[in-house]
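Visitor: Below you'll find work_38.cif; it's mmCIF, C-alpha atoms.
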```cif
data_structure
loop_
_atom_site.label_atom_id
_atom_site.label_comp_id
_atom_site.auth_asym_id
_atom_site.auth_seq_id
_atom_site.Cartn_x
_atom_site.Cartn_y
_atom_site.Cartn_z
CA MET A 1 42.69 -55.47 -4.52
CA ASN A 2 41.01 -53.14 -6.93
CA ILE A 3 38.61 -54.42 -9.55
CA ARG A 4 37.23 -51.59 -11.62
CA GLU A 5 35.63 -51.03 -15.00
CA ALA A 6 38.20 -50.81 -17.81
CA THR A 7 38.80 -47.52 -19.57
CA LYS A 8 39.97 -47.01 -23.14
CA GLU A 9 43.45 -46.26 -21.83
CA ASP A 10 43.68 -49.72 -20.24
CA TRP A 11 43.74 -51.62 -23.53
CA ASP A 12 47.51 -51.36 -24.00
CA LEU A 13 47.94 -53.11 -20.65
CA ILE A 14 45.17 -55.67 -21.19
CA TRP A 15 46.48 -56.71 -24.60
CA PRO A 16 49.70 -58.47 -23.41
CA ILE A 17 47.59 -60.64 -21.07
CA PHE A 18 45.08 -61.44 -23.81
CA HIS A 19 47.80 -62.15 -26.36
CA GLU A 20 49.81 -64.49 -24.16
CA ILE A 21 46.77 -66.56 -23.21
CA VAL A 22 45.07 -66.66 -26.61
CA ASN A 23 48.26 -67.27 -28.54
CA ALA A 24 48.90 -70.39 -26.45
CA GLY A 25 45.60 -71.79 -27.75
CA GLN A 26 44.98 -73.93 -24.68
CA THR A 27 42.00 -72.24 -23.05
CA TYR A 28 40.10 -69.71 -25.18
CA ALA A 29 38.12 -70.21 -28.37
CA TYR A 30 39.68 -67.28 -30.14
CA ASP A 31 41.95 -67.49 -33.15
CA THR A 32 45.51 -67.88 -31.81
CA ASN A 33 46.61 -65.16 -34.26
CA THR A 34 44.02 -62.62 -33.11
CA THR A 35 45.47 -59.14 -33.64
CA LYS A 36 45.48 -56.35 -31.10
CA ASP A 37 42.64 -54.54 -32.89
CA GLN A 38 40.51 -57.66 -33.22
CA ALA A 39 41.12 -58.48 -29.57
CA LYS A 40 40.01 -55.01 -28.54
CA LYS A 41 36.68 -55.53 -30.29
CA ILE A 42 36.22 -59.00 -28.79
CA TRP A 43 37.23 -58.20 -25.23
CA SER A 44 36.55 -54.49 -24.71
CA GLU A 45 33.87 -53.46 -27.18
CA ALA A 46 31.48 -56.36 -27.88
CA PRO A 47 30.77 -57.21 -24.20
CA ASN A 48 28.40 -55.16 -22.01
CA LYS A 49 31.21 -54.46 -19.56
CA THR A 50 34.92 -55.11 -19.21
CA PHE A 51 36.77 -54.96 -15.90
CA VAL A 52 40.40 -54.95 -14.83
CA PHE A 53 42.14 -56.12 -11.70
CA GLU A 54 44.65 -53.41 -10.89
CA GLU A 55 47.48 -53.36 -8.37
CA GLY A 56 49.91 -50.48 -8.02
CA GLY A 57 49.16 -49.19 -11.50
CA ALA A 58 49.73 -52.60 -13.11
CA ILE A 59 46.89 -54.58 -14.66
CA LEU A 60 47.11 -58.18 -13.49
CA GLY A 61 43.76 -59.52 -14.62
CA THR A 62 40.69 -58.74 -16.64
CA TYR A 63 37.20 -60.05 -17.30
CA TYR A 64 34.26 -59.26 -19.55
CA LEU A 65 30.55 -59.68 -18.94
CA LYS A 66 27.99 -59.99 -21.72
CA THR A 67 24.55 -61.37 -22.52
CA ASN A 68 24.97 -64.98 -23.59
CA GLN A 69 21.90 -65.35 -25.82
CA ALA A 70 19.45 -62.70 -27.00
CA GLY A 71 15.66 -62.69 -26.60
CA PRO A 72 14.39 -65.67 -24.58
CA GLY A 73 17.95 -66.33 -23.36
CA SER A 74 18.86 -62.80 -22.35
CA HIS A 75 18.57 -63.38 -18.58
CA VAL A 76 21.75 -65.49 -18.73
CA CYS A 77 25.12 -63.78 -18.96
CA ASN A 78 28.54 -65.02 -19.98
CA CYS A 79 31.93 -64.03 -18.62
CA GLY A 80 35.54 -64.68 -19.52
CA TYR A 81 38.49 -64.14 -17.17
CA MET A 82 42.19 -63.75 -17.78
CA VAL A 83 45.03 -63.51 -15.27
CA SER A 84 48.54 -62.41 -16.17
CA SER A 85 51.06 -65.26 -15.92
CA GLN A 86 52.94 -63.20 -13.31
CA ALA A 87 49.93 -63.12 -11.01
CA ARG A 88 48.62 -66.70 -11.07
CA GLY A 89 47.96 -68.65 -7.89
CA ARG A 90 47.03 -65.57 -5.90
CA GLY A 91 43.25 -65.89 -6.10
CA LEU A 92 42.66 -63.24 -8.76
CA ALA A 93 40.34 -65.50 -10.77
CA THR A 94 38.31 -66.19 -7.65
CA SER A 95 38.05 -62.48 -6.84
CA MET A 96 37.07 -61.59 -10.39
CA CYS A 97 34.51 -64.38 -10.64
CA GLN A 98 32.89 -63.35 -7.35
CA HIS A 99 32.91 -59.73 -8.52
CA SER A 100 31.32 -60.72 -11.82
CA GLN A 101 28.51 -62.64 -10.12
CA LYS A 102 27.67 -59.61 -8.01
CA MET A 103 27.84 -57.37 -11.07
CA ALA A 104 25.64 -59.76 -13.07
CA LEU A 105 22.91 -59.60 -10.43
CA GLU A 106 23.16 -55.80 -10.32
CA LEU A 107 22.74 -55.72 -14.09
CA GLY A 108 19.60 -57.88 -13.79
CA TYR A 109 20.92 -61.25 -14.98
CA LYS A 110 19.62 -64.39 -13.32
CA ALA A 111 22.28 -66.91 -14.32
CA MET A 112 25.81 -67.19 -15.69
CA GLN A 113 27.07 -69.62 -18.31
CA PHE A 114 30.55 -70.56 -19.50
CA ASN A 115 30.12 -71.97 -23.00
CA PHE A 116 33.45 -73.55 -23.74
CA VAL A 117 35.77 -74.60 -20.92
CA ALA A 118 38.58 -76.85 -22.17
CA SER A 119 38.36 -80.07 -20.17
CA SER A 120 42.17 -80.00 -19.88
CA ASN A 121 41.92 -76.77 -17.90
CA GLU A 122 41.45 -78.67 -14.66
CA GLY A 123 42.36 -75.78 -12.40
CA ALA A 124 39.62 -73.65 -13.92
CA VAL A 125 37.03 -76.43 -13.76
CA ARG A 126 37.84 -77.03 -10.10
CA LEU A 127 37.64 -73.32 -9.35
CA TRP A 128 34.31 -72.80 -11.10
CA ASN A 129 32.92 -75.84 -9.26
CA LYS A 130 34.07 -74.37 -5.97
CA LEU A 131 32.37 -71.09 -6.87
CA GLY A 132 29.06 -72.83 -7.48
CA PHE A 133 29.10 -73.66 -11.18
CA ASP A 134 27.88 -77.04 -12.38
CA THR A 135 29.09 -78.84 -15.48
CA VAL A 136 25.82 -79.00 -17.43
CA GLY A 137 27.22 -80.11 -20.77
CA ILE A 138 30.11 -82.01 -22.33
CA LEU A 139 30.93 -81.21 -25.96
CA PRO A 140 32.80 -84.24 -27.32
CA LYS A 141 36.11 -83.38 -29.00
CA ALA A 142 34.98 -79.79 -29.47
CA PHE A 143 38.30 -78.26 -28.37
CA ASN A 144 41.35 -78.68 -30.59
CA HIS A 145 44.17 -78.49 -28.05
CA PRO A 146 47.65 -77.74 -29.46
CA ILE A 147 49.24 -80.57 -27.47
CA GLN A 148 46.42 -82.96 -26.56
CA GLY A 149 44.47 -82.79 -29.85
CA TYR A 150 40.67 -83.00 -29.89
CA ILE A 151 39.47 -82.93 -26.30
CA ASP A 152 36.08 -82.34 -24.73
CA ALA A 153 34.88 -78.86 -23.85
CA LEU A 154 32.57 -78.27 -20.91
CA VAL A 155 29.53 -76.06 -20.52
CA MET A 156 29.30 -74.69 -16.98
CA TYR A 157 26.35 -72.91 -15.44
CA LYS A 158 25.21 -71.25 -12.25
CA TRP A 159 21.79 -69.88 -11.34
CA LEU A 160 22.63 -66.65 -9.48
CA GLN A 161 19.32 -65.49 -8.14
CA THR A 162 18.39 -66.78 -4.71
CA MET B 163 12.96 -80.00 -53.74
CA ASN B 164 15.53 -77.33 -54.37
CA ILE B 165 17.89 -76.22 -51.64
CA ARG B 166 20.25 -73.56 -52.90
CA GLU B 167 22.42 -70.80 -51.52
CA ALA B 168 20.46 -67.62 -50.77
CA THR B 169 20.99 -64.53 -52.88
CA LYS B 170 20.53 -60.91 -51.81
CA GLU B 171 17.20 -60.87 -53.61
CA ASP B 172 15.85 -63.66 -51.40
CA TRP B 173 15.83 -61.63 -48.22
CA ASP B 174 12.37 -60.15 -48.78
CA LEU B 175 10.99 -63.70 -48.92
CA ILE B 176 13.07 -65.03 -46.04
CA TRP B 177 12.08 -62.19 -43.71
CA PRO B 178 8.38 -63.18 -43.23
CA ILE B 179 9.48 -66.67 -42.15
CA PHE B 180 12.10 -65.27 -39.77
CA HIS B 181 9.72 -62.69 -38.36
CA GLU B 182 6.86 -65.08 -37.68
CA ILE B 183 9.10 -67.57 -35.88
CA VAL B 184 11.21 -65.10 -33.92
CA ASN B 185 8.32 -62.87 -32.95
CA ALA B 186 6.59 -65.88 -31.33
CA GLY B 187 9.60 -66.18 -29.00
CA GLN B 188 9.18 -69.92 -28.51
CA THR B 189 12.20 -71.35 -30.30
CA TYR B 190 14.97 -68.91 -31.19
CA ALA B 191 17.23 -66.87 -28.93
CA TYR B 192 16.75 -63.66 -30.87
CA ASP B 193 14.99 -60.58 -29.60
CA THR B 194 11.29 -61.00 -30.45
CA ASN B 195 11.30 -57.43 -31.80
CA THR B 196 14.25 -57.99 -34.15
CA THR B 197 13.82 -55.66 -37.14
CA LYS B 198 14.12 -56.67 -40.77
CA ASP B 199 17.57 -55.05 -41.05
CA GLN B 200 18.86 -56.65 -37.86
CA ALA B 201 17.52 -60.01 -38.99
CA LYS B 202 19.30 -59.69 -42.32
CA LYS B 203 22.61 -59.23 -40.51
CA ILE B 204 21.94 -62.15 -38.16
CA TRP B 205 20.64 -64.64 -40.70
CA SER B 206 22.14 -63.65 -44.05
CA GLU B 207 25.34 -61.75 -43.35
CA ALA B 208 26.99 -63.00 -40.14
CA PRO B 209 26.91 -66.73 -41.04
CA ASN B 210 29.35 -68.32 -43.50
CA LYS B 211 26.47 -69.46 -45.69
CA THR B 212 22.70 -69.10 -45.88
CA PHE B 213 20.47 -71.43 -47.87
CA VAL B 214 16.84 -71.44 -48.94
CA PHE B 215 14.40 -74.22 -49.69
CA GLU B 216 12.57 -73.10 -52.81
CA GLU B 217 9.51 -74.54 -54.48
CA GLY B 218 7.86 -72.99 -57.52
CA GLY B 219 9.41 -69.60 -56.87
CA ALA B 220 8.27 -69.54 -53.23
CA ILE B 221 10.72 -69.78 -50.34
CA LEU B 222 9.42 -72.28 -47.80
CA GLY B 223 12.45 -72.74 -45.59
CA THR B 224 15.90 -71.42 -44.83
CA TYR B 225 18.98 -72.29 -42.85
CA TYR B 226 22.35 -70.76 -42.01
CA LEU B 227 25.69 -72.39 -41.37
CA LYS B 228 28.47 -70.77 -39.38
CA THR B 229 31.53 -71.54 -37.29
CA ASN B 230 30.39 -72.06 -33.71
CA GLN B 231 33.56 -71.07 -31.86
CA ALA B 232 36.75 -69.53 -33.23
CA GLY B 233 40.31 -70.83 -32.86
CA PRO B 234 40.48 -74.18 -31.04
CA GLY B 235 36.72 -74.62 -31.58
CA SER B 236 36.58 -73.76 -35.25
CA HIS B 237 36.13 -77.33 -36.50
CA VAL B 238 32.59 -77.32 -35.08
CA CYS B 239 29.84 -75.53 -36.97
CA ASN B 240 26.41 -74.31 -35.93
CA CYS B 241 23.21 -74.20 -37.97
CA GLY B 242 19.73 -72.78 -37.54
CA TYR B 243 16.71 -73.86 -39.58
CA MET B 244 13.36 -72.21 -40.18
CA VAL B 245 10.32 -73.56 -42.03
CA SER B 246 7.38 -71.42 -43.08
CA SER B 247 4.21 -72.24 -41.13
CA GLN B 248 2.55 -73.13 -44.45
CA ALA B 249 5.09 -75.85 -45.14
CA ARG B 250 5.44 -77.67 -41.82
CA GLY B 251 5.09 -81.44 -41.54
CA ARG B 252 6.47 -82.07 -45.01
CA GLY B 253 10.00 -82.99 -44.06
CA LEU B 254 11.67 -79.70 -44.98
CA ALA B 255 13.61 -79.51 -41.72
CA THR B 256 14.91 -83.03 -42.30
CA SER B 257 15.96 -82.19 -45.84
CA MET B 258 17.66 -78.97 -44.77
CA CYS B 259 19.45 -80.62 -41.84
CA GLN B 260 20.75 -83.43 -44.06
CA HIS B 261 21.82 -80.85 -46.65
CA SER B 262 23.60 -78.82 -43.97
CA GLN B 263 25.54 -81.83 -42.67
CA LYS B 264 26.79 -82.57 -46.19
CA MET B 265 27.64 -78.91 -46.69
CA ALA B 266 29.46 -78.76 -43.33
CA LEU B 267 31.70 -81.66 -44.31
CA GLU B 268 32.41 -80.06 -47.70
CA LEU B 269 33.41 -76.87 -45.89
CA GLY B 270 35.80 -78.85 -43.70
CA TYR B 271 33.89 -78.94 -40.42
CA LYS B 272 34.08 -82.06 -38.29
CA ALA B 273 31.05 -81.62 -36.03
CA MET B 274 27.82 -79.64 -35.68
CA GLN B 275 26.40 -78.11 -32.52
CA PHE B 276 23.01 -76.61 -31.67
CA ASN B 277 23.60 -74.29 -28.73
CA PHE B 278 20.16 -73.48 -27.51
CA VAL B 279 17.23 -75.79 -28.31
CA ALA B 280 14.16 -74.96 -26.20
CA SER B 281 13.26 -78.15 -24.33
CA SER B 282 9.59 -77.39 -25.10
CA ASN B 283 10.35 -77.78 -28.80
CA GLU B 284 9.82 -81.54 -28.62
CA GLY B 285 9.34 -82.00 -32.35
CA ALA B 286 12.73 -80.47 -33.05
CA VAL B 287 14.48 -82.46 -30.32
CA ARG B 288 12.98 -85.70 -31.66
CA LEU B 289 14.00 -84.80 -35.20
CA TRP B 290 17.58 -83.89 -34.31
CA ASN B 291 17.85 -87.14 -32.33
CA LYS B 292 16.64 -89.07 -35.35
CA LEU B 293 19.22 -87.31 -37.50
CA GLY B 294 22.03 -88.37 -35.19
CA PHE B 295 22.35 -85.50 -32.72
CA ASP B 296 22.83 -86.23 -29.04
CA THR B 297 21.70 -84.02 -26.19
CA VAL B 298 25.08 -83.23 -24.63
CA GLY B 299 23.98 -80.46 -22.31
CA ILE B 300 20.98 -79.19 -20.36
CA LEU B 301 20.94 -75.49 -19.44
CA PRO B 302 18.61 -75.15 -16.46
CA LYS B 303 15.90 -72.49 -16.91
CA ALA B 304 17.99 -70.81 -19.62
CA PHE B 305 15.03 -70.27 -21.99
CA ASN B 306 12.35 -67.75 -21.03
CA HIS B 307 9.32 -69.15 -22.84
CA PRO B 308 6.40 -66.73 -23.35
CA ILE B 309 3.85 -69.28 -22.08
CA GLN B 310 5.79 -71.80 -20.01
CA GLY B 311 8.20 -69.38 -18.32
CA TYR B 312 11.79 -70.39 -17.52
CA ILE B 313 12.41 -73.78 -19.09
CA ASP B 314 15.56 -75.74 -19.84
CA ALA B 315 17.45 -75.31 -23.09
CA LEU B 316 19.36 -78.19 -24.64
CA VAL B 317 22.76 -78.33 -26.27
CA MET B 318 22.77 -80.89 -29.10
CA TYR B 319 25.82 -82.18 -30.95
CA LYS B 320 26.84 -84.53 -33.71
CA TRP B 321 30.30 -85.61 -34.82
CA LEU B 322 30.03 -85.59 -38.61
CA GLN B 323 33.29 -87.11 -39.74
CA THR B 324 33.33 -90.85 -40.10
#
```
The structure given in the file should be rewritten as structure tokens.

Guide:
Amino acid sequence: MNIREATKEDWDLIWPIFHEIVNAGQTYAYDTNTTKDQAKKIWSEAPNKTFVFEEGGAILGTYYLKTNQAGPGSHVCNCGYMVSSQARGRGLATSMCQHSQKMALELGYKAMQFNFVASSNEGAVRLWNKLGFDTVGILPKAFNHPIQGYIDALVMYKWLQT
Amino acid sequence: MNIREATKEDWDLIWPIFHEIVNAGQTYAYDTNTTKDQAKKIWSEAPNKTFVFEEGGAILGTYYLKTNQAGPGSHVCNCGYMVSSQARGRGLATSMCQHSQKMALELGYKAMQFNFVASSNEGAVRLWNKLGFDTVGILPKAFNHPIQGYIDALVMYKWLQT
């Protein structure tokens, strides 16, 4: 396992993962038609940091870390994780989430918030629970799922500092 | 009462309201040292629409309206409201919030979400409740209040379509 900060050269390998997941429209609140250039801004430029999970030269996963709210909210960070469909079920999301929590503390954040978890994404909800995140909010019908229609989105939160 | 869309010329009159409120650090998740230029981007350029409450040539209040989340979340909008300290207690926030709900429906949104209401801002919470918003989330210690320290922030939400 090698989680490391992404370089500019990684984008061509991150993009297929981003595109597959976002285009499906089932988990992320990005436009399903997001272009490669727009995605680069969203995932690799706007966040404080972007990481990749690399194995044998292939990029199998990626996550970003950014400040969730400015000013009086700037001690709380936000992360998003993506795993290539070829690498699911192998614990990559767990590894990246644990890595991101450590990184968040190193960067001086005190808490981590996920703003918009589709309630249909049960595997993710279960995993974040297991990793110490609580569901602190339920946004009624806030997620327009391509198959299930308007479903709830969850806000999940973990205080990191001990 | 005259609520109308802001023009470029309004910014010089909106800025003192923004600055006073944001610099106090008690209600908005913007950097307390936000400059006039940064504020213009945040309040007047990034949102879909920005409105002002005008009376006799003076601007007493302002609000923005924007899409809260892209893609599968893009049917939910977000607004922020500010009232000049000279004009508080006169119902301007109520008028602007009602105006924004009407505007949101006209623009095709189905719901409105406030992402980060300081729990100490009891007047605002009461008002949003009265205007039909529910507290759908509590973010523990997510707001670093200059006097009270780390306090909870609330997520408030209203489905607009009937």

Visitor: Counting all atoms listed in the file, which of A:Trp159, A:Tyr30, A:Ile42, A:Cys79 gets nearest to His99 in chain A?

Guide: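 So, comparing all the options, the nearest one is A:Cys79.
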
Visitor: At a cut-off of 7 Å, list the chain B residues touching chain A, using only C-alpha atoms, as a list in words.

Guide: Gly187, Ala191, Tyr192, Asp193, Thr194, Gln231, Ala232, Gly233, Pro234, Gly235, Val238, Val298, Gly299, Ile300, Leu301, Ala304, Phe305, Asn306 and His307 of chain B

Visitor: Which value, in Å to one decimal, gives the distance between CA of Gly56 in chain A and CA of Asn2 in chain A?

Guide: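 According to the coordinates, CA of Gly56 in chain A and CA of Asn2 in chain A are separated by 9.4 Å.
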
Visitor: Between CA of Gly80 in chain A and CA of Leu65 in chain A, what is the distance, to one decimal in Å?

Guide: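 CA of Leu65 in chain A lies at a distance of 7.1 Å from CA of Gly80 in chain A.
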
Visitor: Figure out the distance between CA of Ala6 in chain A and CA of Leu160 in chain A, please, to one decimal in Å.

Guide: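 Atom-to-atom, CA of Leu160 in chain A and CA of Ala6 in chain A are spaced 23.7 Å apart.
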
Visitor: If you apply the PyMOL selection byres ((chain B and resi 167) around 7) to this file, what residues do you get, as a list in words?

Guide: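 For this structure, the PyMOL selection byres ((chain B and resi 167) around 7) captures Arg166, Ala168, Thr169, Thr212, Phe213 and Val214 of chain B.
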
Visitor: Which protein, DNA or RNA residues are at most 12 Å from (24.3, -59.5, -44.2) in the file's coordinates when you count all atoms listed in the file, listed as number ranges by chain?

Guide: B: 168-173, 198-212, 226

Visitor: Between A:Tyr63, A:Ala58, A:Gly89, A:Ile17, which residue has the minimum interatomic distance to Gln101 in chain A, considering all atoms listed in the file?

Guide: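 The shortest atom-to-atom distance to Gln101 in chain A comes from A:Tyr63.
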
Visitor: Which one is closest to Phe180 in chain B: B:Ile221, B:Cys259, B:Ile165, B:Leu293? Count only C-alpha atoms.

Guide: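 Among the listed residues, the smallest separation from Phe180 in chain B belongs to B:Ile221.
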
Visitor: Quick one: residues within 10 Å of Arg250 in chain B, only C-alpha atoms, excluding same-chain residues fewer than 5 positions away - as a PyMOL selection string?

Guide: chain B and resi 222-223+244-245+255

Visitor: May I have the centre and edge lengths, in Å to one decimal, of an axis-aligned box around the listed atoms of range 10-27 of chain A with 8 Å added to every side, as JSON?

Guide:
```
{"center_x": 45.9, "center_y": -61.8, "center_z": -24.4, "size_x": 23.8, "size_y": 40.2, "size_z": 24.3}
```

Visitor: Of the candidates A:Ile21, A:Tyr109, A:Phe114, A:Ile147, which one gets nearest to Gln161 in chain A if we count only C-alpha atoms?

Guide: A:Tyr109

Visitor: Which of these residues is nearest to Ser100 in chain A, using only C-alpha atoms: A:His19, A:Cys77, A:Asn129, A:Glu55?

Guide: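 Among the listed residues, A:Cys77 lies closest to Ser100 in chain A.
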